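Have a look at run18.pdb; it's PDB, C-alpha atoms, pLDDT in the B column:
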```
MODEL        1
ATOM      1  CA  ARG A   1       0.000   0.000   0.000  1.00 92.00           C
ATOM      2  CA  LYS A   2       2.842   2.397   0.831  1.00 90.00           C
ATOM      3  CA  ARG A   3       4.505   1.684  -2.504  1.00 90.00           C
ATOM      4  CA  LEU A   4       1.249   2.318  -4.390  1.00 90.00           C
ATOM      5  CA  LYS A   5       0.680   5.562  -2.505  1.00 90.00           C
ATOM      6  CA  GLN A   6       4.193   6.722  -3.391  1.00 88.00           C
ATOM      7  CA  GLU A   7       3.651   5.804  -7.043  1.00 85.00           C
ATOM      8  CA  LEU A   8       0.415   7.802  -7.067  1.00 87.00           C
ATOM      9  CA  ARG A   9       2.189  10.791  -5.516  1.00 86.00           C
ATOM     10  CA  ASP A  10       4.955  10.526  -8.107  1.00 81.00           C
ATOM     11  CA  ALA A  11       2.445  10.256 -10.956  1.00 78.00           C
ATOM     12  CA  ASN A  12       0.602  13.301  -9.640  1.00 81.00           C
ATOM     13  CA  ARG A  13       3.862  15.253  -9.396  1.00 79.00           C
ATOM     14  CA  HIS A  14       4.831  14.258 -12.938  1.00 74.00           C
ATOM     15  CA  LYS A  15       1.419  15.387 -14.186  1.00 77.00           C
ATOM     16  CA  ASP A  16       1.874  18.796 -12.554  1.00 78.00           C
ATOM     17  CA  GLU A  17       5.365  19.099 -14.013  1.00 75.00           C
ATOM     18  CA  PHE A  18       3.968  18.146 -17.435  1.00 70.00           C
ATOM     19  CA  LEU A  19       1.297  20.839 -17.230  1.00 75.00           C
ATOM     20  CA  ALA A  20       3.851  23.459 -16.236  1.00 75.00           C
ATOM     21  CA  THR A  21       6.225  22.433 -19.034  1.00 73.00           C
ATOM     22  CA  LEU A  22       3.417  22.327 -21.596  1.00 73.00           C
ATOM     23  CA  GLY A  23       2.342  25.821 -20.641  1.00 74.00           C
ATOM     24  CA  HIS A  24       5.844  27.250 -20.986  1.00 74.00           C
ATOM     25  CA  GLU A  25       6.556  25.408 -24.230  1.00 74.00           C
ATOM     26  CA  LEU A  26       3.357  26.712 -25.822  1.00 76.00           C
ATOM     27  CA  ARG A  27       3.953  30.229 -24.550  1.00 78.00           C
ATOM     28  CA  ASN A  28       7.131  30.745 -26.594  1.00 75.00           C
ATOM     29  CA  PRO A  29       5.667  30.228 -30.118  1.00 77.00           C
ATOM     30  CA  LEU A  30       2.565  32.156 -29.113  1.00 81.00           C
ATOM     31  CA  ALA A  31       4.669  35.215 -28.332  1.00 79.00           C
ATOM     32  CA  THR A  32       6.314  34.974 -31.768  1.00 77.00           C
ATOM     33  CA  LEU A  33       2.950  34.650 -33.530  1.00 82.00           C
ATOM     34  CA  ILE A  34       1.568  37.651 -31.680  1.00 83.00           C
ATOM     35  CA  ASN A  35       4.569  39.727 -32.756  1.00 79.00           C
ATOM     36  CA  GLY A  36       3.994  38.583 -36.351  1.00 78.00           C
ATOM     37  CA  LEU A  37       0.404  39.767 -36.175  1.00 81.00           C
ATOM     38  CA  GLN A  38       1.592  43.166 -35.031  1.00 80.00           C
ATOM     39  CA  LEU A  39       3.821  43.390 -38.107  1.00 78.00           C
ATOM     40  CA  ILE A  40       0.919  42.439 -40.418  1.00 81.00           C
ATOM     41  CA  ARG A  41      -1.237  45.061 -38.730  1.00 78.00           C
ATOM     42  CA  LEU A  42       1.379  47.755 -39.369  1.00 79.00           C
ATOM     43  CA  ALA A  43       2.144  46.675 -42.949  1.00 76.00           C
ATOM     44  CA  GLY A  44      -1.435  46.558 -44.175  1.00 70.00           C
ATOM     45  CA  GLY A  45      -2.125  44.576 -47.355  1.00 70.00           C
ATOM     46  CA  GLY A  46      -5.789  44.627 -48.334  1.00 75.00           C
ATOM     47  CA  ASP A  47      -8.928  42.786 -47.256  1.00 78.00           C
ATOM     48  CA  ALA A  48      -7.510  39.249 -47.484  1.00 70.00           C
ATOM     49  CA  VAL A  49      -4.634  40.031 -45.138  1.00 77.00           C
ATOM     50  CA  GLU A  50      -6.997  41.801 -42.776  1.00 78.00           C
ATOM     51  CA  GLN A  51      -9.381  38.836 -42.669  1.00 75.00           C
ATOM     52  CA  ALA A  52      -6.471  36.482 -42.003  1.00 75.00           C
ATOM     53  CA  ARG A  53      -5.219  38.752 -39.253  1.00 78.00           C
ATOM     54  CA  ILE A  54      -8.642  38.840 -37.586  1.00 77.00           C
ATOM     55  CA  MET A  55      -8.913  35.052 -37.711  1.00 73.00           C
ATOM     56  CA  MET A  56      -5.387  34.554 -36.350  1.00 79.00           C
ATOM     57  CA  ASP A  57      -5.999  37.143 -33.665  1.00 79.00           C
ATOM     58  CA  ARG A  58      -9.128  35.319 -32.493  1.00 74.00           C
ATOM     59  CA  GLN A  59      -7.450  31.914 -32.463  1.00 73.00           C
ATOM     60  CA  LEU A  60      -4.386  33.221 -30.674  1.00 80.00           C
ATOM     61  CA  THR A  61      -6.578  34.748 -27.991  1.00 77.00           C
ATOM     62  CA  GLN A  62      -8.170  31.329 -27.473  1.00 74.00           C
ATOM     63  CA  LEU A  63      -4.758  29.640 -27.326  1.00 81.00           C
ATOM     64  CA  VAL A  64      -3.414  32.165 -24.837  1.00 82.00           C
ATOM     65  CA  ARG A  65      -6.473  31.623 -22.651  1.00 80.00           C
ATOM     66  CA  LEU A  66      -5.971  27.855 -22.796  1.00 78.00           C
ATOM     67  CA  VAL A  67      -2.287  28.107 -21.903  1.00 82.00           C
ATOM     68  CA  ASP A  68      -3.006  30.488 -19.044  1.00 85.00           C
ATOM     69  CA  ASP A  69      -5.597  28.062 -17.651  1.00 84.00           C
ATOM     70  CA  LEU A  70      -3.146  25.157 -17.889  1.00 82.00           C
ATOM     71  CA  MET A  71      -0.457  27.100 -16.087  1.00 85.00           C
ATOM     72  CA  ASP A  72      -2.873  28.269 -13.398  1.00 88.00           C
ATOM     73  CA  VAL A  73      -4.067  24.708 -12.710  1.00 85.00           C
ATOM     74  CA  SER A  74      -0.455  23.609 -12.423  1.00 84.00           C
ATOM     75  CA  ARG A  75       0.370  26.444 -10.011  1.00 88.00           C
ATOM     76  CA  ILE A  76      -2.650  25.641  -7.831  1.00 89.00           C
ATOM     77  CA  ASN A  77      -1.807  21.918  -7.710  1.00 83.00           C
ATOM     78  CA  GLN A  78       1.764  22.744  -6.682  1.00 84.00           C
ATOM     79  CA  GLY A  79       0.618  25.299  -4.093  1.00 87.00           C
ATOM     80  CA  LYS A  80       2.377  28.095  -5.963  1.00 88.00           C
ATOM     81  CA  LEU A  81      -0.635  30.283  -6.766  1.00 90.00           C
ATOM     82  CA  GLU A  82      -1.060  33.030  -4.194  1.00 91.00           C
ATOM     83  CA  LEU A  83      -4.084  35.301  -4.078  1.00 94.00           C
ATOM     84  CA  ARG A  84      -3.550  39.030  -3.626  1.00 94.00           C
ATOM     85  CA  LYS A  85      -6.706  39.769  -1.703  1.00 95.00           C
ATOM     86  CA  GLU A  86      -8.062  43.235  -1.016  1.00 96.00           C
ATOM     87  CA  ARG A  87     -11.427  44.747  -0.179  1.00 97.00           C
ATOM     88  CA  LEU A  88     -13.207  45.315  -3.480  1.00 95.00           C
ATOM     89  CA  GLN A  89     -16.591  46.370  -4.741  1.00 95.00           C
ATOM     90  CA  LEU A  90     -18.150  43.325  -6.387  1.00 96.00           C
ATOM     91  CA  VAL A  91     -19.265  45.574  -9.251  1.00 96.00           C
ATOM     92  CA  ALA A  92     -15.617  46.205 -10.148  1.00 94.00           C
ATOM     93  CA  VAL A  93     -14.933  42.463 -10.331  1.00 96.00           C
ATOM     94  CA  LEU A  94     -17.986  41.773 -12.514  1.00 97.00           C
ATOM     95  CA  ASN A  95     -17.287  44.715 -14.823  1.00 95.00           C
ATOM     96  CA  ASN A  96     -13.765  43.363 -15.321  1.00 93.00           C
ATOM     97  CA  ALA A  97     -15.141  39.895 -16.169  1.00 95.00           C
ATOM     98  CA  VAL A  98     -17.667  41.301 -18.654  1.00 96.00           C
ATOM     99  CA  GLU A  99     -14.956  43.362 -20.346  1.00 93.00           C
ATOM    100  CA  ILE A 100     -12.854  40.205 -20.831  1.00 91.00           C
ATOM    101  CA  SER A 101     -15.763  38.149 -22.196  1.00 94.00           C
ATOM    102  CA  ARG A 102     -17.550  40.788 -24.277  1.00 93.00           C
ATOM    103  CA  PRO A 103     -15.635  40.133 -27.560  1.00 90.00           C
ATOM    104  CA  LEU A 104     -16.709  36.458 -27.603  1.00 92.00           C
ATOM    105  CA  ILE A 105     -20.272  37.298 -26.532  1.00 96.00           C
ATOM    106  CA  GLU A 106     -20.590  39.876 -29.311  1.00 94.00           C
ATOM    107  CA  GLN A 107     -18.928  37.583 -31.857  1.00 91.00           C
ATOM    108  CA  MET A 108     -21.642  34.979 -31.131  1.00 94.00           C
ATOM    109  CA  GLY A 109     -24.400  37.600 -31.311  1.00 96.00           C
ATOM    110  CA  HIS A 110     -25.633  36.978 -27.766  1.00 97.00           C
ATOM    111  CA  GLU A 111     -27.573  39.431 -25.641  1.00 97.00           C
ATOM    112  CA  LEU A 112     -26.080  39.946 -22.168  1.00 98.00           C
ATOM    113  CA  THR A 113     -28.229  41.107 -19.238  1.00 98.00           C
ATOM    114  CA  VAL A 114     -26.370  42.151 -16.078  1.00 97.00           C
ATOM    115  CA  THR A 115     -28.242  42.606 -12.792  1.00 97.00           C
ATOM    116  CA  LEU A 116     -26.278  44.002  -9.849  1.00 94.00           C
ATOM    117  CA  PRO A 117     -27.161  44.308  -6.136  1.00 91.00           C
ATOM    118  CA  LYS A 118     -29.065  47.450  -5.159  1.00 88.00           C
ATOM    119  CA  GLN A 119     -26.805  47.855  -2.128  1.00 88.00           C
ATOM    120  CA  PRO A 120     -22.991  47.971  -2.480  1.00 88.00           C
ATOM    121  CA  ALA A 121     -21.410  44.543  -1.971  1.00 93.00           C
ATOM    122  CA  VAL A 122     -17.822  44.431  -0.751  1.00 94.00           C
ATOM    123  CA  VAL A 123     -15.767  41.255  -1.123  1.00 94.00           C
ATOM    124  CA  GLU A 124     -12.262  40.355  -0.006  1.00 95.00           C
ATOM    125  CA  ALA A 125     -10.775  38.984  -3.187  1.00 96.00           C
ATOM    126  CA  ASP A 126      -8.027  38.940  -5.758  1.00 95.00           C
ATOM    127  CA  LEU A 127      -9.524  41.111  -8.495  1.00 94.00           C
ATOM    128  CA  THR A 128      -7.757  39.353 -11.377  1.00 93.00           C
ATOM    129  CA  ARG A 129      -8.517  35.817 -10.190  1.00 95.00           C
ATOM    130  CA  LEU A 130     -12.138  36.375  -9.205  1.00 96.00           C
ATOM    131  CA  ALA A 131     -12.794  38.189 -12.495  1.00 95.00           C
ATOM    132  CA  GLN A 132     -11.194  35.166 -14.195  1.00 94.00           C
ATOM    133  CA  VAL A 133     -13.793  32.937 -12.515  1.00 96.00           C
ATOM    134  CA  PHE A 134     -16.735  34.904 -13.869  1.00 97.00           C
ATOM    135  CA  SER A 135     -15.207  35.461 -17.307  1.00 95.00           C
ATOM    136  CA  ASN A 136     -14.631  31.688 -17.617  1.00 94.00           C
ATOM    137  CA  LEU A 137     -18.309  31.107 -16.828  1.00 96.00           C
ATOM    138  CA  LEU A 138     -19.422  33.798 -19.278  1.00 97.00           C
ATOM    139  CA  ASN A 139     -17.154  32.377 -21.988  1.00 93.00           C
ATOM    140  CA  ASN A 140     -18.633  28.908 -21.433  1.00 91.00           C
ATOM    141  CA  ALA A 141     -22.135  30.344 -21.699  1.00 95.00           C
ATOM    142  CA  ALA A 142     -21.192  32.081 -24.952  1.00 94.00           C
ATOM    143  CA  LYS A 143     -19.443  29.049 -26.479  1.00 90.00           C
ATOM    144  CA  TYR A 144     -22.178  26.519 -25.722  1.00 90.00           C
ATOM    145  CA  SER A 145     -25.161  28.597 -26.799  1.00 92.00           C
ATOM    146  CA  ASP A 146     -26.357  28.800 -30.390  1.00 93.00           C
ATOM    147  CA  ARG A 147     -25.889  32.169 -32.052  1.00 94.00           C
ATOM    148  CA  ASP A 148     -28.144  35.039 -30.949  1.00 96.00           C
ATOM    149  CA  GLY A 149     -28.692  33.511 -27.523  1.00 96.00           C
ATOM    150  CA  HIS A 150     -29.190  35.213 -24.175  1.00 98.00           C
ATOM    151  CA  ILE A 151     -26.886  35.251 -21.146  1.00 98.00           C
ATOM    152  CA  TRP A 152     -27.806  36.548 -17.701  1.00 98.00           C
ATOM    153  CA  LEU A 153     -25.198  37.612 -15.134  1.00 98.00           C
ATOM    154  CA  THR A 154     -26.917  38.218 -11.789  1.00 98.00           C
ATOM    155  CA  ALA A 155     -25.495  39.174  -8.401  1.00 97.00           C
ATOM    156  CA  GLU A 156     -27.425  39.542  -5.152  1.00 94.00           C
ATOM    157  CA  ARG A 157     -26.735  39.742  -1.456  1.00 92.00           C
ATOM    158  CA  GLN A 158     -28.039  36.961   0.767  1.00 91.00           C
ATOM    159  CA  GLY A 159     -27.240  37.851   4.379  1.00 89.00           C
ATOM    160  CA  SER A 160     -23.467  38.049   4.762  1.00 89.00           C
ATOM    161  CA  ASP A 161     -22.948  36.228   1.451  1.00 92.00           C
ATOM    162  CA  VAL A 162     -23.096  37.387  -2.118  1.00 94.00           C
ATOM    163  CA  VAL A 163     -24.438  35.025  -4.787  1.00 96.00           C
ATOM    164  CA  VAL A 164     -23.417  35.424  -8.425  1.00 98.00           C
ATOM    165  CA  SER A 165     -25.083  33.324 -11.119  1.00 97.00           C
ATOM    166  CA  VAL A 166     -24.528  32.891 -14.841  1.00 98.00           C
ATOM    167  CA  ARG A 167     -27.502  31.554 -16.785  1.00 97.00           C
ATOM    168  CA  ASP A 168     -27.839  30.995 -20.522  1.00 97.00           C
ATOM    169  CA  THR A 169     -30.039  29.624 -23.284  1.00 96.00           C
ATOM    170  CA  GLY A 170     -27.381  27.080 -24.226  1.00 91.00           C
ATOM    171  CA  ILE A 171     -27.426  23.345 -24.866  1.00 85.00           C
ATOM    172  CA  GLY A 172     -27.670  22.424 -21.191  1.00 85.00           C
ATOM    173  CA  ILE A 173     -25.960  19.606 -19.300  1.00 86.00           C
ATOM    174  CA  ALA A 174     -27.346  16.142 -18.615  1.00 87.00           C
ATOM    175  CA  ALA A 175     -28.325  15.725 -14.949  1.00 88.00           C
ATOM    176  CA  GLU A 176     -26.040  12.737 -14.418  1.00 87.00           C
ATOM    177  CA  GLN A 177     -23.040  14.759 -15.617  1.00 85.00           C
ATOM    178  CA  LEU A 178     -23.591  17.728 -13.293  1.00 88.00           C
ATOM    179  CA  PRO A 179     -21.652  16.281 -10.309  1.00 83.00           C
ATOM    180  CA  ARG A 180     -18.564  15.748 -12.507  1.00 84.00           C
ATOM    181  CA  ILE A 181     -18.270  18.931 -14.518  1.00 87.00           C
ATOM    182  CA  PHE A 182     -15.939  20.654 -12.019  1.00 88.00           C
ATOM    183  CA  GLU A 183     -13.460  17.765 -12.112  1.00 81.00           C
ATOM    184  CA  MET A 184     -10.141  18.190 -13.907  1.00 72.00           C
ATOM    185  CA  PHE A 185     -10.358  17.290 -17.632  1.00 62.00           C
ATOM    186  CA  SER A 186     -14.090  16.543 -17.322  1.00 64.00           C
ATOM    187  CA  GLN A 187     -15.956  17.116 -20.595  1.00 58.00           C
ATOM    188  CA  VAL A 188     -19.698  17.274 -21.201  1.00 60.00           C
ATOM    189  CA  GLY A 189     -19.396  15.689 -24.628  1.00 54.00           C
ATOM    190  CA  ARG A 190     -16.033  15.082 -26.199  1.00 44.00           C
ATOM    191  CA  SER A 191     -17.039  15.710 -29.829  1.00 43.00           C
ATOM    192  CA  LEU A 192     -18.816  18.920 -28.861  1.00 45.00           C
ATOM    193  CA  GLU A 193     -15.968  19.940 -26.574  1.00 45.00           C
ATOM    194  CA  ARG A 194     -13.452  19.487 -29.369  1.00 39.00           C
ATOM    195  CA  SER A 195     -15.544  21.465 -31.829  1.00 44.00           C
ATOM    196  CA  GLN A 196     -15.590  24.371 -29.382  1.00 52.00           C
ATOM    197  CA  GLY A 197     -11.903  24.182 -28.503  1.00 48.00           C
ATOM    198  CA  GLY A 198     -12.253  23.107 -24.858  1.00 56.00           C
ATOM    199  CA  VAL A 199     -10.068  20.615 -23.002  1.00 56.00           C
ATOM    200  CA  GLY A 200     -12.057  20.319 -19.794  1.00 67.00           C
ATOM    201  CA  ILE A 201     -10.023  22.498 -17.423  1.00 79.00           C
ATOM    202  CA  GLY A 202     -11.981  25.776 -17.290  1.00 85.00           C
ATOM    203  CA  LEU A 203     -14.600  24.709 -14.754  1.00 89.00           C
ATOM    204  CA  SER A 204     -12.031  22.874 -12.626  1.00 88.00           C
ATOM    205  CA  LEU A 205     -10.074  26.126 -12.452  1.00 92.00           C
ATOM    206  CA  VAL A 206     -13.262  28.010 -11.556  1.00 95.00           C
ATOM    207  CA  LYS A 207     -13.933  25.632  -8.661  1.00 95.00           C
ATOM    208  CA  ARG A 208     -10.409  25.827  -7.290  1.00 94.00           C
ATOM    209  CA  LEU A 209     -10.273  29.632  -7.453  1.00 95.00           C
ATOM    210  CA  VAL A 210     -13.704  29.988  -5.843  1.00 97.00           C
ATOM    211  CA  GLU A 211     -12.697  27.657  -3.008  1.00 96.00           C
ATOM    212  CA  MET A 212      -9.449  29.590  -2.499  1.00 95.00           C
ATOM    213  CA  HIS A 213     -11.686  32.615  -1.921  1.00 96.00           C
ATOM    214  CA  GLY A 214     -13.683  30.713   0.715  1.00 95.00           C
ATOM    215  CA  GLY A 215     -16.695  30.227  -1.549  1.00 96.00           C
ATOM    216  CA  ARG A 216     -18.406  27.375  -3.351  1.00 96.00           C
ATOM    217  CA  VAL A 217     -19.775  26.797  -6.839  1.00 96.00           C
ATOM    218  CA  GLU A 218     -22.532  24.593  -8.195  1.00 95.00           C
ATOM    219  CA  ALA A 219     -24.218  23.875 -11.514  1.00 93.00           C
ATOM    220  CA  LYS A 220     -27.888  23.298 -12.228  1.00 91.00           C
TER     221      LYS A 220
ENDMDL
END
```
Show how you would write the structure in this file as structure tokens.
Amino acid sequence: RKRLKQELRDANRHKDEFLATLGHELRNPLATLINGLQLIRLAGGGDAVEQARIMMDRQLTQLVRLVDDLMDVSRINQGKLELRKERLQLVAVLNNAVEISRPLIEQMGHELTVTLPKQPAVVEADLTRLAQVFSNLLNNAAKYSDRDGHIWLTAERQGSDVVVSVRDTGIGIAAEQLPRIFEMFSQVGRSLERSQGGVGIGLSLVKRLVEMHGGRVEAK
């Protein structure tokens, strides 16, 4: 039993090292591609070049987001991710998240309705990381809803807690899959997930970051 436990620990460590290495290895070519896009933008070259630039820009943004998520999961698993908490207005966090997600929401033609608490809500949080939580949820809502859908971002105070929900008119999730969707590498449907560019780490990252803030997350 001791030997098996040690092997499991070693396998887990190797997985974390793999994720960290993968993130760094992907980061280097991404930086080069981004610089190339800047050169195309400055050089001009007609409609065809502009369309190619827009497409590359969009795909690179997705790749950067994926790499960042991979690296964040690795840092959390190794205990290297530290939150820089401060007292913040929840509105500031949500506005930041919406700003990050708006390009994808608009690209998909969705309508976004934001409802904020009537009374100011102060949270002790890392602005960047908590905004990352909500932007991940908004991005998921945008990706897995047919074009011209509707997304609702709602925040309300409930006693000493604040509850934030993201609801959408998307494809939904089978009831039996709900308990598993926050697990690492969990995927609702692999063919669908691949078509949308997901690898099953976004919601796991959401859960870990929420718990590091002393909160909890659930799906319905």
Considering only C-alpha atoms, give me a table of residues in range 59-176 of chain A that are at most 10 Å from range 23-40 of chain A, with the closest atom pair and distance in Å for each, as JSON lines.
```
{"residue": "A:Leu60", "atom": "CA", "partner": "A:Leu30", "partner_atom": "CA", "distance": 7.2}
{"residue": "A:Thr61", "atom": "CA", "partner": "A:Ile34", "partner_atom": "CA", "distance": 9.4}
{"residue": "A:Leu63", "atom": "CA", "partner": "A:Leu30", "partner_atom": "CA", "distance": 7.9}
{"residue": "A:Val64", "atom": "CA", "partner": "A:Leu30", "partner_atom": "CA", "distance": 7.4}
{"residue": "A:Leu66", "atom": "CA", "partner": "A:Gly23", "partner_atom": "CA", "distance": 8.8}
{"residue": "A:Val67", "atom": "CA", "partner": "A:Gly23", "partner_atom": "CA", "distance": 5.3}
{"residue": "A:Asp68", "atom": "CA", "partner": "A:Gly23", "partner_atom": "CA", "distance": 7.3}
{"residue": "A:Asp69", "atom": "CA", "partner": "A:Gly23", "partner_atom": "CA", "distance": 8.8}
{"residue": "A:Leu70", "atom": "CA", "partner": "A:Gly23", "partner_atom": "CA", "distance": 6.2}
{"residue": "A:Met71", "atom": "CA", "partner": "A:Gly23", "partner_atom": "CA", "distance": 5.5}
{"residue": "A:Asp72", "atom": "CA", "partner": "A:Gly23", "partner_atom": "CA", "distance": 9.3}
{"residue": "A:Ser74", "atom": "CA", "partner": "A:Gly23", "partner_atom": "CA", "distance": 9.0}
```
Using only C-alpha atoms, which residue out of A:Leu178, A:Ala121, A:Ile100, A:Met55 lies closest to Leu88 in chain A?
A:Ala121
Interatomic distance, CA of Gly172 in chain A to CA of Glu111 in chain A (Å, one decimal)
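Atom-to-atom, CA of Gly172 in chain A and CA of Glu111 in chain A are spaced 17.6 Å apart.
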Could you give me the axis-aligned bounding box of range 56-68 of chain A, with 5 Å of padding per side, as centre plus edge lengths in Å to one decimal, as JSON?
```
{"center_x": -5.7, "center_y": 32.5, "center_z": -27.7, "size_x": 16.8, "size_y": 19.3, "size_z": 27.3}
```
Distance table requested - range 75-97 of chain A against range 157-165 of chain A, cut-off 12 Å, only C-alpha atoms: one row per qualifying residue with the closest atom pair and its distance in Å to one decimal, ordered by chain and rising residue number, as a tab-separated table.
```
residue	atom	partner	partner_atom	distance
A:Gln89	CA	A:Val162	CA	11.4
A:Leu90	CA	A:Val162	CA	8.8
A:Val91	CA	A:Val164	CA	11.0
A:Val93	CA	A:Val164	CA	11.2
A:Leu94	CA	A:Val164	CA	9.3
```
Just so the selection is clear, what residues does the PyMOL selection byres ((chain A and resi 77) around 10) cover here, as a PDB file with C-alpha atoms, in the coordinates of the input?
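The file below, expr.pdb, is the result:
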```pdb
ATOM      1  CA  ASN A  12       0.602  13.301  -9.640  1.00 81.00           C
ATOM      2  CA  ARG A  13       3.862  15.253  -9.396  1.00 79.00           C
ATOM      3  CA  LYS A  15       1.419  15.387 -14.186  1.00 77.00           C
ATOM      4  CA  ASP A  16       1.874  18.796 -12.554  1.00 78.00           C
ATOM      5  CA  GLU A  17       5.365  19.099 -14.013  1.00 75.00           C
ATOM      6  CA  MET A  71      -0.457  27.100 -16.087  1.00 85.00           C
ATOM      7  CA  ASP A  72      -2.873  28.269 -13.398  1.00 88.00           C
ATOM      8  CA  VAL A  73      -4.067  24.708 -12.710  1.00 85.00           C
ATOM      9  CA  SER A  74      -0.455  23.609 -12.423  1.00 84.00           C
ATOM     10  CA  ARG A  75       0.370  26.444 -10.011  1.00 88.00           C
ATOM     11  CA  ILE A  76      -2.650  25.641  -7.831  1.00 89.00           C
ATOM     12  CA  GLN A  78       1.764  22.744  -6.682  1.00 84.00           C
ATOM     13  CA  GLY A  79       0.618  25.299  -4.093  1.00 87.00           C
ATOM     14  CA  LYS A  80       2.377  28.095  -5.963  1.00 88.00           C
ATOM     15  CA  LEU A  81      -0.635  30.283  -6.766  1.00 90.00           C
ATOM     16  CA  ARG A 208     -10.409  25.827  -7.290  1.00 94.00           C
TER      17      ARG A 208
END
```
Between CA of His110 in chain A and CA of His150 in chain A, what is the distance in Å, rounded to a tenth?
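Interatomic distance here is 5.4 Å.
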Using all atoms listed in the file, the residue out of A:Ala125, A:Met56, A:Ala141, A:Val206 with shortest distance to Arg84 in chain A is A:Ala125
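The space between CA of Val123 in chain A and CA of Ser101 in chain A spans 21.3 Å.
When the distance limit is 6 Å and only C-alpha atoms are what count, the residues near Glu124 in chain A, minus those fewer than 5 positions from it on the same chain, are A:Lys85, A:Glu86, A:Arg87.
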Given the PyMOL selection byres ((chain A and resi 169) around 6) and the file above, list the residues it selects as a list in words.
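That selection, the PyMOL selection byres ((chain A and resi 169) around 6), comes back as Gly149, His150, Asp168 and Gly170 of chain A.
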Any chance you could work out the residue set of the PyMOL selection byres ((chain A and resi 132) around 9) here, as a PyMOL selection string?
chain A and resi 96-97+100+127-131+133-137+206+209
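For the set A:Leu83, A:Leu138, A:Pro117, A:Gln107, the residue with the smallest atom-to-atom gap to Val210 in chain A is A:Leu83, counting all atoms listed in the file.
Closest to Trp152 in chain A among A:Arg167, A:Arg58, A:Lys207, A:Arg216 is A:Arg167, based on only C-alpha atoms.
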Shortest interatomic distance to Pro103 in chain A - which of A:Lys220, A:Lys143, A:Arg180, A:His14, counting all atoms listed in the file:
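Between A:Lys220, A:Lys143, A:Arg180, A:His14, the residue approaching Pro103 in chain A most closely is A:Lys143.
Among the candidates A:Gly45, A:Gly202, A:Pro179, A:Pro120, the one nearest to Glu218 in chain A when counting all atoms listed in the file is A:Pro179.
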